[in-house]
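A.B. asks: This structure is in structure tokens; I'll ask about it shortly.
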Amino acid sequence: ISYLSDNTITILAVTFISYQVYSINRQALEKTELDISERKKAEEPLRESEEKYRLIADNTADLISVLDMNMHFTYVSPASMRLRGYTAEEAMQQTIDQVLTPESMQLGLSIFEEEMQLEASGMADPDRTRILELEEYRKDGSTVWVEVNLSFLRDKDRKPVGILIVTRDISERKRAEGRLVESEDRFNRAITGTGAGLWDWDMVKNTVFFSRQWKSMLGYADHEVENDFSGWKNLWHPEDAARIEKAVNDYIEARTTVYEVEHRLRHKDGSWHWILTRGDIERDAAGKPFRWTGTNIDITERKQVEKEQEKLKEQLNQAQKIEAIGQLAGGVAHDFNNMLNIILGYSQLALIKIEPSSPLKADLQEIINATQRSTELVRQLLAFARKQTISPKVLDLNDIVAGMLNMLQRLIGEDIDLLWMPAANLWQVKIDPAQVDQILANLAVNARDSISGVGKITIETGNMELDEVYCSQYTDFVPGQYILLAVSDNGCGMDEDTCKQIFEPFFTTKEIGKGTGMGLATVYGIVKQNNGFINVYSEPGKGTTFKIYLPRFEEEGTTIAEPRTHAKSPTGTETVLLVEDNEALLKMSKMMLEELGYKVLAADSPNEAIKLTEQYEGDINLVLTDVVMPEMSGRDLQKRLSALRTDIKYLFMSGYTSNVIAHRGILDEGVNFLEKPFHMEVLATKVRETLEQQ
């Protein structure tokens, strides 16, 4: 330090150089002065800055430490005492493995190695900071969870020379996270117990959270459903889409105050599941919705039960309705018969008394003719009411039908072929032969009138065993052994609504004057009078099949064969693609096949079957399909599937009999065919036979 003449201070850097002067043999000393006042002024802020940052580091709540590139501490702030219980001096002497638990040590070293590889490749970001959650040891032996910010300290060439570490205690946050996980676990367990799936729609970002239960109830893994509104919408059943969309929009626009909708969603296996969706919207101060949360509950079973109950209720109502009409018809018929006798008697007396040339003769004859037609109508009413006088006999139904064939052919005309397919070893039945004549005549006439031009009527017999599974679908069917009498035609067919009314007295689809509406009512009454059942299978343009089941007659003292049990049925483990457009039959058949050990892919339409075949990655060994379906026939479905997979075997089933199916050209003769209704053993045998065919 030197004072100038104006009393100002200057800072000098003084250099002394000593050397020998040989000419005078003396030591000399050379002095050099350099004014460094300006440099010192520039260094002062830097020194003050270093002091300031050290003061901050020493007093911050976060622990700040520095490692050299050999992983030795070169600086540790005093916060080490508060965070880990070590003084800064003690912490400086520790190695990394004394600070970190083994798992955290492994994670830290892997991050360091990754960063060094980036440095070596020249791809490192000099300003990059890595954030880790690590577990460190405390002096008392416990551990503490910390959040660590790691960044390299670099020299003037931007090369790493050390590691700056800023450590923050996150123990409380970890404990809170643990409590949250525990709470969520309890909540999820409770929700899982209810069978509900959760969804949470962020309507601002259009992102949707679907819970694991939401997806699993439809067979999907977490990644298989998009986390937005379309992820849900893509699963809607086409028939429900408009209704769901309206309900959603009405609730969003506050036109409704409650959101609760029952609809169908597509399961991963292609089936449709009924879902009950409930939700609640959150709105901002302006009433604009921003979040919508809710639950999904699978109500498929409930819907199926309701449908089955509704079907049984409808059948019961229809049976009660027909029963009531029958009682009324029976009561009226007897009184009406008496009045007809009076009319007929007096008309005949009058006809005797008048002259043959009298103009009244023709009028009286018309009265007599009308009375005779009315008498026949009364006879039919009595048959429907199950009150006609009968003389039942034990007989072979084949003999009775064979004896009626000539008369039936004359009845239906030359343009219609009559096919007779009797079963061998037919069981005996007890019934009045005249009633069999009535049944055949009425069904033949009904079939004839449904055919325009040329056509075909098929009469078949067979032995049938109806089990509880099949009978459970109908209110008045009882399990047991029966003789089947089936009459089929390839006429115009009937829709579902018509089929529900055809057995009602005086119901007819024919023109006025061409039918009384009593033909099928008479058949129904006769079947019921003989403790039998009757079913009709029909579709517009596909023809009609009537199936009558009459109880097998067993003589006293004979032993009825024990029912065959399902346990003896042949089983298997192959994969079966089941195609059936009737939901109740689809469910029943699927349950039967699964009970027999098969893996079942269920499709409620041909197009769904094609889609399943394309998507299913495993082998499909057998296709069990209905023959007559809305979208395409079973034979057309076989052609489509054979183009996709050549090694599949096929078994066709139908409510129409096998002979009718073959003669219509719907299927070729000799194909594997299963006639409805079938019991489990017949299904098992047919499936096994088809699978084992070469």
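Here's how to read the names in the structure tokens: chain A, B, ... by the order shown, residue numbers from 1 in each chain, ligand numbers from 1 in the order shown.
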Can you list, as a PyMOL selection string, every protein, DNA or RNA residue that comes within 10 Å of Glu245 of chain A when you count only C-alpha atoms, leaving out same-chain residues fewer than 5 positions away?
C.D. replies: chain A and resi 233+236+240+250-251
A.B. asks: With a distance cut-off of 10 Å and only C-alpha atoms, select the neighbouring residues of Ile368 of chain A, excluding the residue or stretch itself and same-chain residues fewer than 5 positions from it, and output the selection as a PyMOL selection string.
C.D. replies: chain A and resi 340+343-348+351+362-363+373-374
A.B. asks: Atoms to include: C-alpha atoms. Write the selected residues as a compact mmCIF listing (two decimals), in the first residue's frame.
C.D. replies:
# COMPACT_ATOMS: atom_id res chain seq x y z
CA LEU A 340 -128.27 -75.25 -32.93
CA ILE A 343 -132.68 -74.44 -35.26
CA LEU A 344 -131.67 -77.51 -37.22
CA GLY A 345 -134.71 -79.50 -36.06
CA TYR A 346 -137.27 -76.86 -36.91
CA SER A 347 -135.59 -76.15 -40.25
CA GLN A 348 -135.77 -79.80 -41.22
CA LEU A 351 -138.42 -78.42 -45.18
CA ALA A 362 -133.58 -72.94 -50.93
CA ASP A 363 -133.75 -70.58 -47.94
CA ARG A 373 -121.08 -75.36 -40.31
CA SER A 374 -121.85 -73.91 -36.89
A.B. asks: Hey, what's within 12 Å of Val99 of chain A if we count only C-alpha atoms and toss same-chain stuff fewer than 5 positions away? As an MDAnalysis selection string, please?
C.D. replies: chainID A and resid 71:73 80 83:86 90:94 104:105 108 134:139 141:146
A.B. asks: Please save N, CA and C atoms of the selected residues as an mmCIF file, in the first residue's frame.
C.D. replies:
data_model
loop_
_atom_site.group_PDB
_atom_site.id
_atom_site.type_symbol
_atom_site.label_atom_id
_atom_site.label_comp_id
_atom_site.auth_asym_id
_atom_site.auth_seq_id
_atom_site.Cartn_x
_atom_site.Cartn_y
_atom_site.Cartn_z
ATOM 1 N N MET A 71 -15.941 -39.272 -5.794
ATOM 2 C CA MET A 71 -16.996 -39.518 -4.829
ATOM 3 C C MET A 71 -16.545 -39.276 -3.375
ATOM 4 N N HIS A 72 -15.643 -38.308 -3.183
ATOM 5 C CA HIS A 72 -15.256 -37.895 -1.834
ATOM 6 C C HIS A 72 -15.854 -36.529 -1.553
ATOM 7 N N PHE A 73 -16.331 -36.349 -0.324
ATOM 8 C CA PHE A 73 -16.931 -35.071 0.029
ATOM 9 C C PHE A 73 -15.850 -33.999 0.151
ATOM 10 N N SER A 80 -26.392 -30.821 7.833
ATOM 11 C CA SER A 80 -26.205 -32.259 8.016
ATOM 12 C C SER A 80 -26.575 -32.687 9.427
ATOM 13 N N LEU A 83 -30.451 -32.893 9.570
ATOM 14 C CA LEU A 83 -31.047 -33.902 8.701
ATOM 15 C C LEU A 83 -30.609 -35.322 9.066
ATOM 16 N N ARG A 84 -29.291 -35.498 9.353
ATOM 17 C CA ARG A 84 -28.787 -36.850 9.552
ATOM 18 C C ARG A 84 -28.150 -37.076 10.918
ATOM 19 N N GLY A 85 -27.998 -36.015 11.705
ATOM 20 C CA GLY A 85 -27.421 -36.172 13.045
ATOM 21 C C GLY A 85 -25.913 -36.110 13.081
ATOM 22 N N TYR A 86 -25.261 -35.914 11.939
ATOM 23 C CA TYR A 86 -23.812 -35.789 11.873
ATOM 24 C C TYR A 86 -23.427 -34.318 11.742
ATOM 25 N N GLU A 90 -18.001 -34.472 10.613
ATOM 26 C CA GLU A 90 -18.182 -35.921 10.598
ATOM 27 C C GLU A 90 -18.669 -36.409 9.231
ATOM 28 N N ALA A 91 -19.580 -35.652 8.669
ATOM 29 C CA ALA A 91 -20.126 -36.034 7.369
ATOM 30 C C ALA A 91 -19.058 -36.003 6.284
ATOM 31 N N MET A 92 -18.100 -35.045 6.419
ATOM 32 C CA MET A 92 -17.037 -34.932 5.414
ATOM 33 C C MET A 92 -16.178 -36.191 5.365
ATOM 34 N N GLN A 93 -16.108 -36.928 6.473
ATOM 35 C CA GLN A 93 -15.250 -38.102 6.545
ATOM 36 C C GLN A 93 -15.953 -39.372 6.049
ATOM 37 N N GLN A 94 -17.250 -39.273 5.774
ATOM 38 C CA GLN A 94 -18.004 -40.468 5.382
ATOM 39 C C GLN A 94 -17.838 -40.772 3.886
ATOM 40 N N SER A 104 -30.642 -47.363 -2.585
ATOM 41 C CA SER A 104 -30.414 -45.991 -3.040
ATOM 42 C C SER A 104 -29.018 -45.836 -3.613
ATOM 43 N N MET A 105 -28.036 -46.539 -3.027
ATOM 44 C CA MET A 105 -26.665 -46.508 -3.528
ATOM 45 C C MET A 105 -26.622 -47.008 -4.972
ATOM 46 N N GLY A 108 -28.190 -44.368 -7.237
ATOM 47 C CA GLY A 108 -27.335 -43.199 -7.408
ATOM 48 C C GLY A 108 -26.169 -43.461 -8.339
ATOM 49 N N LEU A 134 -34.111 -40.694 -2.530
ATOM 50 C CA LEU A 134 -33.184 -41.667 -1.973
ATOM 51 C C LEU A 134 -33.420 -41.833 -0.475
ATOM 52 N N GLU A 135 -32.939 -42.937 0.049
ATOM 53 C CA GLU A 135 -33.048 -43.199 1.479
ATOM 54 C C GLU A 135 -31.644 -43.167 2.092
ATOM 55 N N GLU A 136 -31.440 -42.283 3.119
ATOM 56 C CA GLU A 136 -30.127 -42.105 3.737
ATOM 57 C C GLU A 136 -30.150 -42.562 5.194
ATOM 58 N N TYR A 137 -28.942 -42.960 5.680
ATOM 59 C CA TYR A 137 -28.811 -43.370 7.077
ATOM 60 C C TYR A 137 -28.658 -42.142 7.978
ATOM 61 N N ARG A 138 -29.267 -42.213 9.150
ATOM 62 C CA ARG A 138 -29.051 -41.215 10.200
ATOM 63 C C ARG A 138 -28.054 -41.784 11.212
ATOM 64 N N LYS A 139 -27.515 -40.911 12.031
ATOM 65 C CA LYS A 139 -26.494 -41.318 12.998
ATOM 66 C C LYS A 139 -27.041 -42.311 14.018
ATOM 67 N N GLY A 141 -29.048 -44.696 13.455
ATOM 68 C CA GLY A 141 -29.334 -45.975 12.819
ATOM 69 C C GLY A 141 -30.628 -45.994 12.018
ATOM 70 N N SER A 142 -31.471 -44.995 12.209
ATOM 71 C CA SER A 142 -32.708 -44.908 11.434
ATOM 72 C C SER A 142 -32.395 -44.388 10.031
ATOM 73 N N THR A 143 -33.398 -44.338 9.205
ATOM 74 C CA THR A 143 -33.231 -43.815 7.842
ATOM 75 C C THR A 143 -34.170 -42.651 7.619
ATOM 76 N N VAL A 144 -33.842 -41.850 6.639
ATOM 77 C CA VAL A 144 -34.657 -40.695 6.291
ATOM 78 C C VAL A 144 -34.769 -40.630 4.769
ATOM 79 N N TRP A 145 -35.997 -40.371 4.272
ATOM 80 C CA TRP A 145 -36.207 -40.218 2.832
ATOM 81 C C TRP A 145 -35.927 -38.772 2.435
ATOM 82 N N VAL A 146 -35.126 -38.607 1.372
ATOM 83 C CA VAL A 146 -34.752 -37.266 0.926
ATOM 84 C C VAL A 146 -34.962 -37.136 -0.579
#
A.B. asks: Hey, can you check how far atom CA of Ile648 of chain A sits from atom CA of Ile620 of chain A?
C.D. replies: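 Atom CA of Ile620 of chain A lies 6.4 Å from atom CA of Ile648 of chain A.
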A.B. asks: Can you work out the spacing between atom CA of Met591 of chain A and atom CA of Pro479 of chain A in Å, to one decimal?
C.D. replies: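 The value is 18.8 Å.
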